[in-house]
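Reviewing the structure listed below.
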Amino acid sequence: MLEALDAEDLGYRTRMLTGCIPPYAVIRLLELGHAGEVERQAARGEWFCALAVAEDAAPQRARAVLAPFVATGWWEAAEALARLLERWGQGEEAIALVRSHVAAGNRSALEFLGRLLARHGRAGEAFELLRPHVEDWWLAAALVDVAEVCGRDEEAVALLQARVDAAVRVCEHPTCNSRQVEPFNAVGLLADIRERQGRIDEAIALLHTRYGTSVNGRDQLADLLARHDRVEELRAYAAADYHGHAAKRLAELLEEGGDVAGAVEVYRQLDDAVVPWVCRAVPLAELLTRHGRSDEAVEVLRSLVLSGTGHDDCLADLLCTQYAEQGRAADGLTFLDELKADRGEEDWEFFRLRLPLLAALGRLEEAVELARSHPEGDSWYGLLTLAALLADAGRTEEAVELLAQDERGHGYDLSTYLLDLGRVADAIAVLQRYEPRPVAPPPFGDGVDEPPF
């Protein structure tokens with residue numbers, strides 16, 4: 001029986017993945033042959049189950065499955081149905097559905113509608129729809145894509161250039177040249193337009209005017225130079241880019257061309273004052289490993305961890321993984337012993353690295369006992385580590401028993417192990433435990449000034 005659905009509650013549950021069957025579990029259920037259970041849970045209001053059913057169903061069936069969710073006014077459900085409508089060749093109905101959410105002020109719906117219109121021969125209408133929102137970085141990106149379809153690149157350029165010209169200084173100090181542009185990606189979008197027009201030098205010059213071109217680990221200028229085989233310019237840029245992202249793109253380009261030695265030298269020759277070694281060592285180790293030079297990769301990581309340059313726990317994790325994958329678990333333990341002797345202590349982040357190494361050497365029981373007796377062994381993260389160790393050793397029942405005794409945030413791992421054991425009902429019960437939405441904090445300035453705060 002379908003439970004009462006509420007758009008706000010659906011949004012919270014699916015965003016936080018609490019009190020619902022998440023995508024990974026739906027996929028696993030289907031892999032295990034439990035399509036009937038997925039359908040049953042969809043009928044009970046499980047969104048990700050309903051989405052999986054609708055994706056593979058005939059149009060009439062898909063509409064029926066999604067209808068209760070769409071009826072709540074929840075945008076994500078309307079978006080899913082609109083995508084299906086477009087797939088079925090019912091573009092006009094999809095446009096009408098999305099337009100109703102745009103009218104309600106939904107920004108995501110506005111971006112979706114702009115691209116949808118452009119795909120259905122109405123790019124001019126899409127451009128006019130998005131034009132007033134050029135100050136929004138996401139909608140501006142959609143506007144630029146739409147402009148290409150309807151041949152209005154220069155209008156998009158004018159809109160973006162006006163935003164760049166209206167940039168304000170970040171501070172009043174005479175040496176500060178930084179300016180705040182809204183949208184923040186205006187210069188990058190201008191460069192995108194110039195690149196697709198074949199005006200590569202202009203695109204490069206534009207990107208050089210930005211304080212930085214790196215977003216999420218990728219550098220737009222470096223990618224542009226690589227696409228157009230401007231290797232020497234990329235090399236010069238890599239030597240000055242303190243993020244290290246341009247150097248990584250240069251190394252990728254050389255590796256793609258078969259020059260592995262050149263790629264290695266990119267990382268080794270950079271000036272530490274520009275790109276610290278700690279920022280270069282990990283991609284270098286990954287490069288060496290890809291080309292069968294694992295021993296060198298180990299030495300790169302080992303020297304870095306022992307030098308204590310920062311991020312030691314993450315680097316030690318990578319190093320111990322390297323040791324394990326090379327069948328050198330004993331060397332990994334020796335390294336951890338050396339590290340412990342050097343520092344005089346071993347906190348959990350380093351101790352936990354011993355356990356899979358011990359297991360790889362056939363010393364599973366020793367690893368289990370060490371984990372149980374550690375001062376942090378009964379913490380929520382200690383229990384997760386021990387459960388993973390047991391599950392990896394084929395002792396999944398013990399992992400389940402361990403996590404079932406504790407309620408602290410183990411739903412993902414516990415449900416995974418239960419599904420592996422075929423205990424579907426128990427896994428679903430764990431996943432559907434609902435954590436109520438937190439009470440919104442008071443507006444700034446309305447807090448209390450005496451305990452409890």
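All residue names refer to the structure tokens as shown: chains lettered A, B, ... in order, residues numbered from 1 in each chain, ligands numbered from 1 in order.
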Would you mind listing what lies within 8 Å of region 342-352 of chain A as a PDB file with C-alpha atoms, in the first residue's frame, with only C-alpha atoms counted and same-chain residues fewer than 6 positions away left out?
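Writing the result to part.pdb gives the following:
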ATOM      1  CA  ASP A 313      47.580   9.119   6.807  1.00  0.00           C
ATOM      2  CA  ALA A 316      50.437   5.887   4.066  1.00  0.00           C
ATOM      3  CA  ASP A 317      47.129   4.325   3.007  1.00  0.00           C
ATOM      4  CA  LEU A 336      54.533   0.814   9.669  1.00  0.00           C
ATOM      5  CA  ALA A 371      41.458  -4.618  16.348  1.00  0.00           C
ATOM      6  CA  GLU A 376      39.461   2.738  19.636  1.00  0.00           C
ATOM      7  CA  THR A 385      37.075  -1.456   9.979  1.00  0.00           C
TER       8      THR A 385
END
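Taking only C-alpha atoms, the non-local environment of Leu287 (chain A) within 12 Å (same-chain residues fewer than 3 positions away omitted) comprises Lys248, Ala251, Glu252, Leu254, Glu255, Glu256, Asp259, Val260, Ala261, Gly262, Ala263, Val264, Glu265, Val266, Tyr267, Arg280, Ala281, Val282, Pro283, Leu284, Arg290, His291, Gly292, Arg293, Ser294, Glu296, Ala297, Val298 and Val300 of chain A.
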So which bits of region 234-384 of chain A end up helix (DSSP H, G or I) when you DSSP the backbone, as an NGL selection string? :A and (234-238 or 245-256 or 260-269 or 277-290 or 294-307 or 312-325 or 329-343 or 348-351 or 354-360 or 364-373 or 380-384)
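Remark: for Asp6 (chain A), the closest of the candidate residues A:Phe335, A:Trp277, A:Trp47, A:Tyr381 is A:Trp47 (distances computed over only C-alpha atoms).
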Excluding region 23-31 of chain A and any residue of its chain fewer than 2 positions from it, enumerate the residues within 10 Å of it, using only C-alpha atoms, and give them as a PyMOL selection string. chain A and resi 14+17+20-21+33-38+41+47-52+412+415-416+419-420+422+424+427-428+431
Same residues, C-alpha atoms, saved as a compact mmCIF listing (two decimals), in the first residue's frame:
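Saved result, selection-v4.txt, follows:
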# COMPACT_ATOMS: atom_id res chain seq x y z
CA THR A 14 16.72 11.08 -1.17
CA LEU A 17 19.88 8.82 1.73
CA CYS A 20 14.97 5.00 2.02
CA ILE A 21 16.41 2.30 -0.23
CA GLY A 33 17.15 -11.27 -8.95
CA HIS A 34 14.79 -9.43 -6.61
CA ALA A 35 12.95 -7.35 -9.22
CA GLY A 36 9.64 -8.24 -7.58
CA GLU A 37 10.80 -6.75 -4.28
CA VAL A 38 11.91 -3.60 -6.05
CA GLN A 41 8.90 -1.20 -2.58
CA TRP A 47 11.64 6.67 -4.95
CA PHE A 48 14.79 4.97 -6.21
CA CYS A 49 12.88 1.72 -6.63
CA ALA A 50 10.15 3.54 -8.55
CA LEU A 51 12.74 5.20 -10.76
CA ALA A 52 14.38 1.86 -11.57
CA TYR A 412 25.27 1.32 4.48
CA SER A 415 22.73 -3.49 4.63
CA THR A 416 25.43 -4.39 2.09
CA LEU A 419 22.23 -8.33 0.96
CA ASP A 420 25.36 -10.38 0.31
CA GLY A 422 20.55 -12.94 0.88
CA VAL A 424 16.75 -8.98 1.84
CA ALA A 427 18.63 -5.25 4.76
CA ILE A 428 15.57 -3.21 3.75
CA LEU A 431 17.84 1.05 5.24
Excluding same-chain residues fewer than 4 positions from Leu207 (chain A), what lies within 12 Å of it counting only C-alpha atoms, as an mmCIF file with all heavy atoms, in the first residue's frame?
data_model
loop_
_atom_site.group_PDB
_atom_site.id
_atom_site.type_symbol
_atom_site.label_atom_id
_atom_site.label_comp_id
_atom_site.auth_asym_id
_atom_site.auth_seq_id
_atom_site.Cartn_x
_atom_site.Cartn_y
_atom_site.Cartn_z
ATOM 1 N N ASN A 185 32.081 32.158 -13.667
ATOM 2 C CA ASN A 185 32.612 31.458 -14.843
ATOM 3 C C ASN A 185 32.464 32.261 -16.134
ATOM 4 O O ASN A 185 32.587 31.709 -17.232
ATOM 5 C CB ASN A 185 31.932 30.094 -15.000
ATOM 6 C CG ASN A 185 30.420 30.200 -15.113
ATOM 7 O OD1 ASN A 185 29.831 31.213 -14.742
ATOM 8 N ND2 ASN A 185 29.778 29.154 -15.604
ATOM 9 N N ALA A 186 32.212 33.568 -16.025
ATOM 10 C CA ALA A 186 31.948 34.378 -17.214
ATOM 11 C C ALA A 186 33.121 34.353 -18.193
ATOM 12 O O ALA A 186 32.931 34.170 -19.404
ATOM 13 C CB ALA A 186 31.631 35.818 -16.808
ATOM 14 N N VAL A 187 34.333 34.525 -17.691
ATOM 15 C CA VAL A 187 35.498 34.537 -18.579
ATOM 16 C C VAL A 187 35.689 33.168 -19.222
ATOM 17 O O VAL A 187 35.986 33.054 -20.418
ATOM 18 C CB VAL A 187 36.760 34.965 -17.810
ATOM 19 C CG1 VAL A 187 37.998 34.821 -18.688
ATOM 20 C CG2 VAL A 187 36.623 36.405 -17.324
ATOM 21 N N GLY A 188 35.515 32.117 -18.436
ATOM 22 C CA GLY A 188 35.639 30.767 -18.977
ATOM 23 C C GLY A 188 34.616 30.488 -20.064
ATOM 24 O O GLY A 188 34.929 29.837 -21.074
ATOM 25 N N LEU A 189 33.402 30.991 -19.896
ATOM 26 C CA LEU A 189 32.369 30.794 -20.916
ATOM 27 C C LEU A 189 32.683 31.596 -22.174
ATOM 28 O O LEU A 189 32.451 31.124 -23.299
ATOM 29 C CB LEU A 189 31.005 31.195 -20.355
ATOM 30 C CG LEU A 189 30.457 30.288 -19.243
ATOM 31 C CD1 LEU A 189 29.169 30.875 -18.655
ATOM 32 C CD2 LEU A 189 30.205 28.874 -19.755
ATOM 33 N N LEU A 190 33.225 32.792 -21.985
ATOM 34 C CA LEU A 190 33.661 33.567 -23.154
ATOM 35 C C LEU A 190 34.738 32.803 -23.928
ATOM 36 O O LEU A 190 34.727 32.750 -25.163
ATOM 37 C CB LEU A 190 34.209 34.916 -22.705
ATOM 38 C CG LEU A 190 33.180 35.985 -22.316
ATOM 39 C CD1 LEU A 190 33.873 37.168 -21.649
ATOM 40 C CD2 LEU A 190 32.398 36.460 -23.538
ATOM 41 N N ALA A 191 35.656 32.189 -23.180
ATOM 42 C CA ALA A 191 36.714 31.406 -23.825
ATOM 43 C C ALA A 191 36.136 30.202 -24.557
ATOM 44 O O ALA A 191 36.609 29.834 -25.641
ATOM 45 C CB ALA A 191 37.737 30.959 -22.785
ATOM 46 N N ASP A 192 35.110 29.582 -23.989
ATOM 47 C CA ASP A 192 34.460 28.452 -24.660
ATOM 48 C C ASP A 192 33.906 28.867 -26.015
ATOM 49 O O ASP A 192 34.038 28.141 -27.017
ATOM 50 C CB ASP A 192 33.312 27.909 -23.790
ATOM 51 C CG ASP A 192 33.802 27.119 -22.586
ATOM 52 O OD1 ASP A 192 34.955 26.651 -22.606
ATOM 53 O OD2 ASP A 192 33.018 26.975 -21.634
ATOM 54 N N ARG A 194 34.832 31.476 -27.901
ATOM 55 C CA ARG A 194 35.910 31.793 -28.840
ATOM 56 C C ARG A 194 36.600 30.519 -29.343
ATOM 57 O O ARG A 194 36.964 30.442 -30.525
ATOM 58 C CB ARG A 194 36.929 32.729 -28.169
ATOM 59 C CG ARG A 194 36.402 34.122 -27.866
ATOM 60 C CD ARG A 194 35.677 34.727 -29.043
ATOM 61 N NE ARG A 194 35.248 36.117 -28.810
ATOM 62 C CZ ARG A 194 34.255 36.694 -29.445
ATOM 63 N NH1 ARG A 194 33.556 35.995 -30.348
ATOM 64 N NH2 ARG A 194 33.929 37.948 -29.200
ATOM 65 N N GLU A 195 36.738 29.528 -28.493
ATOM 66 C CA GLU A 195 37.376 28.288 -28.938
ATOM 67 C C GLU A 195 36.537 27.604 -30.005
ATOM 68 O O GLU A 195 37.068 27.154 -31.028
ATOM 69 C CB GLU A 195 37.610 27.346 -27.759
ATOM 70 C CG GLU A 195 38.318 26.048 -28.183
ATOM 71 C CD GLU A 195 38.436 25.031 -27.079
ATOM 72 O OE1 GLU A 195 37.848 25.242 -25.987
ATOM 73 O OE2 GLU A 195 39.099 23.998 -27.301
ATOM 74 N N ILE A 200 41.346 30.564 -31.231
ATOM 75 C CA ILE A 200 42.052 29.938 -30.120
ATOM 76 C C ILE A 200 42.914 30.935 -29.356
ATOM 77 O O ILE A 200 42.945 30.922 -28.114
ATOM 78 C CB ILE A 200 42.921 28.758 -30.624
ATOM 79 C CG1 ILE A 200 42.083 27.810 -31.500
ATOM 80 C CG2 ILE A 200 43.533 28.006 -29.444
ATOM 81 C CD1 ILE A 200 40.836 27.292 -30.836
ATOM 82 N N ASP A 201 43.632 31.785 -30.061
ATOM 83 C CA ASP A 201 44.501 32.755 -29.377
ATOM 84 C C ASP A 201 43.689 33.674 -28.468
ATOM 85 O O ASP A 201 44.128 34.010 -27.355
ATOM 86 C CB ASP A 201 45.284 33.586 -30.397
ATOM 87 C CG ASP A 201 46.368 32.768 -31.090
ATOM 88 O OD1 ASP A 201 46.795 31.751 -30.509
ATOM 89 O OD2 ASP A 201 46.771 33.141 -32.208
ATOM 90 N N GLU A 202 42.516 34.069 -28.919
ATOM 91 C CA GLU A 202 41.655 34.915 -28.088
ATOM 92 C C GLU A 202 41.193 34.161 -26.845
ATOM 93 O O GLU A 202 41.140 34.727 -25.746
ATOM 94 C CB GLU A 202 40.444 35.384 -28.888
ATOM 95 C CG GLU A 202 40.746 36.439 -29.925
ATOM 96 C CD GLU A 202 39.480 36.915 -30.611
ATOM 97 O OE1 GLU A 202 38.526 37.312 -29.911
ATOM 98 O OE2 GLU A 202 39.427 36.862 -31.861
ATOM 99 N N ALA A 203 40.843 32.889 -27.023
ATOM 100 C CA ALA A 203 40.401 32.078 -25.886
ATOM 101 C C ALA A 203 41.516 31.959 -24.854
ATOM 102 O O ALA A 203 41.286 32.085 -23.641
ATOM 103 C CB ALA A 203 39.962 30.692 -26.364
ATOM 104 N N TYR A 211 42.253 34.997 -12.422
ATOM 105 C CA TYR A 211 43.155 34.768 -11.288
ATOM 106 C C TYR A 211 43.543 33.299 -11.216
ATOM 107 O O TYR A 211 44.662 32.943 -10.906
ATOM 108 C CB TYR A 211 42.468 35.204 -9.989
ATOM 109 C CG TYR A 211 43.303 34.961 -8.759
ATOM 110 C CD1 TYR A 211 44.449 35.724 -8.535
ATOM 111 C CD2 TYR A 211 42.951 33.981 -7.836
ATOM 112 C CE1 TYR A 211 45.219 35.515 -7.401
ATOM 113 C CE2 TYR A 211 43.721 33.767 -6.710
ATOM 114 C CZ TYR A 211 44.854 34.531 -6.501
ATOM 115 O OH TYR A 211 45.627 34.315 -5.389
ATOM 116 N N GLY A 212 42.620 32.414 -11.538
ATOM 117 C CA GLY A 212 42.885 30.984 -11.575
ATOM 118 C C GLY A 212 41.858 30.305 -12.444
ATOM 119 O O GLY A 212 40.721 30.756 -12.532
ATOM 120 N N THR A 213 42.248 29.241 -13.125
ATOM 121 C CA THR A 213 41.306 28.567 -14.030
ATOM 122 C C THR A 213 41.016 27.141 -13.583
ATOM 123 O O THR A 213 40.484 26.352 -14.352
ATOM 124 C CB THR A 213 41.853 28.545 -15.469
ATOM 125 O OG1 THR A 213 43.023 27.721 -15.522
ATOM 126 C CG2 THR A 213 42.197 29.933 -15.938
ATOM 127 N N SER A 214 41.389 26.793 -12.351
ATOM 128 C CA SER A 214 41.192 25.431 -11.857
ATOM 129 C C SER A 214 39.869 25.302 -11.118
ATOM 130 O O SER A 214 39.568 26.104 -10.227
ATOM 131 C CB SER A 214 42.334 25.027 -10.927
ATOM 132 O OG SER A 214 43.526 24.828 -11.644
ATOM 133 N N ASP A 219 42.005 22.179 -14.954
ATOM 134 C CA ASP A 219 42.359 23.545 -15.310
ATOM 135 C C ASP A 219 41.915 23.819 -16.747
ATOM 136 O O ASP A 219 42.369 23.157 -17.681
ATOM 137 C CB ASP A 219 43.872 23.733 -15.162
ATOM 138 C CG ASP A 219 44.284 25.168 -15.373
ATOM 139 O OD1 ASP A 219 44.240 25.626 -16.528
ATOM 140 O OD2 ASP A 219 44.641 25.830 -14.386
ATOM 141 N N GLN A 220 41.019 24.783 -16.907
ATOM 142 C CA GLN A 220 40.433 25.049 -18.231
ATOM 143 C C GLN A 220 41.488 25.482 -19.241
ATOM 144 O O GLN A 220 41.472 25.053 -20.396
ATOM 145 C CB GLN A 220 39.345 26.115 -18.126
ATOM 146 C CG GLN A 220 38.602 26.349 -19.434
ATOM 147 C CD GLN A 220 37.505 27.399 -19.320
ATOM 148 O OE1 GLN A 220 37.249 27.931 -18.237
ATOM 149 N NE2 GLN A 220 36.870 27.717 -20.433
ATOM 150 N N LEU A 221 42.426 26.319 -18.807
ATOM 151 C CA LEU A 221 43.466 26.777 -19.723
ATOM 152 C C LEU A 221 44.371 25.618 -20.135
ATOM 153 O O LEU A 221 44.710 25.462 -21.313
ATOM 154 C CB LEU A 221 44.281 27.888 -19.069
ATOM 155 C CG LEU A 221 45.475 28.416 -19.870
ATOM 156 C CD1 LEU A 221 45.047 28.867 -21.258
ATOM 157 C CD2 LEU A 221 46.154 29.552 -19.110
ATOM 158 N N ALA A 222 44.740 24.784 -19.167
ATOM 159 C CA ALA A 222 45.596 23.633 -19.487
ATOM 160 C C ALA A 222 44.892 22.682 -20.445
ATOM 161 O O ALA A 222 45.502 22.169 -21.400
ATOM 162 C CB ALA A 222 45.976 22.895 -18.195
ATOM 163 N N ASP A 223 43.611 22.443 -20.218
ATOM 164 C CA ASP A 223 42.859 21.553 -21.111
ATOM 165 C C ASP A 223 42.774 22.138 -22.523
ATOM 166 O O ASP A 223 42.871 21.408 -23.521
ATOM 167 C CB ASP A 223 41.456 21.314 -20.553
ATOM 168 C CG ASP A 223 41.460 20.382 -19.346
ATOM 169 O OD1 ASP A 223 42.434 19.627 -19.176
ATOM 170 O OD2 ASP A 223 40.472 20.401 -18.587
ATOM 171 N N LEU A 224 42.589 23.441 -22.606
ATOM 172 C CA LEU A 224 42.515 24.106 -23.909
ATOM 173 C C LEU A 224 43.846 23.979 -24.657
ATOM 174 O O LEU A 224 43.881 23.620 -25.845
ATOM 175 C CB LEU A 224 42.155 25.586 -23.705
ATOM 176 C CG LEU A 224 42.194 26.493 -24.937
ATOM 177 C CD1 LEU A 224 41.205 26.019 -25.985
ATOM 178 C CD2 LEU A 224 41.899 27.928 -24.542
ATOM 179 N N LEU A 225 44.942 24.253 -23.967
ATOM 180 C CA LEU A 225 46.260 24.139 -24.598
ATOM 181 C C LEU A 225 46.526 22.710 -25.057
ATOM 182 O O LEU A 225 47.075 22.485 -26.140
ATOM 183 C CB LEU A 225 47.342 24.594 -23.613
ATOM 184 C CG LEU A 225 47.332 26.090 -23.256
ATOM 185 C CD1 LEU A 225 48.271 26.369 -22.097
ATOM 186 C CD2 LEU A 225 47.705 26.943 -24.465
ATOM 187 N N TYR A 237 53.150 27.108 -18.759
ATOM 188 C CA TYR A 237 52.062 27.342 -17.797
ATOM 189 C C TYR A 237 52.188 26.395 -16.609
ATOM 190 O O TYR A 237 52.005 26.791 -15.457
ATOM 191 C CB TYR A 237 50.719 27.163 -18.504
ATOM 192 C CG TYR A 237 49.519 27.389 -17.628
ATOM 193 C CD1 TYR A 237 49.449 28.470 -16.753
ATOM 194 C CD2 TYR A 237 48.432 26.512 -17.673
ATOM 195 C CE1 TYR A 237 48.337 28.672 -15.947
ATOM 196 C CE2 TYR A 237 47.316 26.712 -16.885
ATOM 197 C CZ TYR A 237 47.275 27.789 -16.014
ATOM 198 O OH TYR A 237 46.189 27.984 -15.220
#
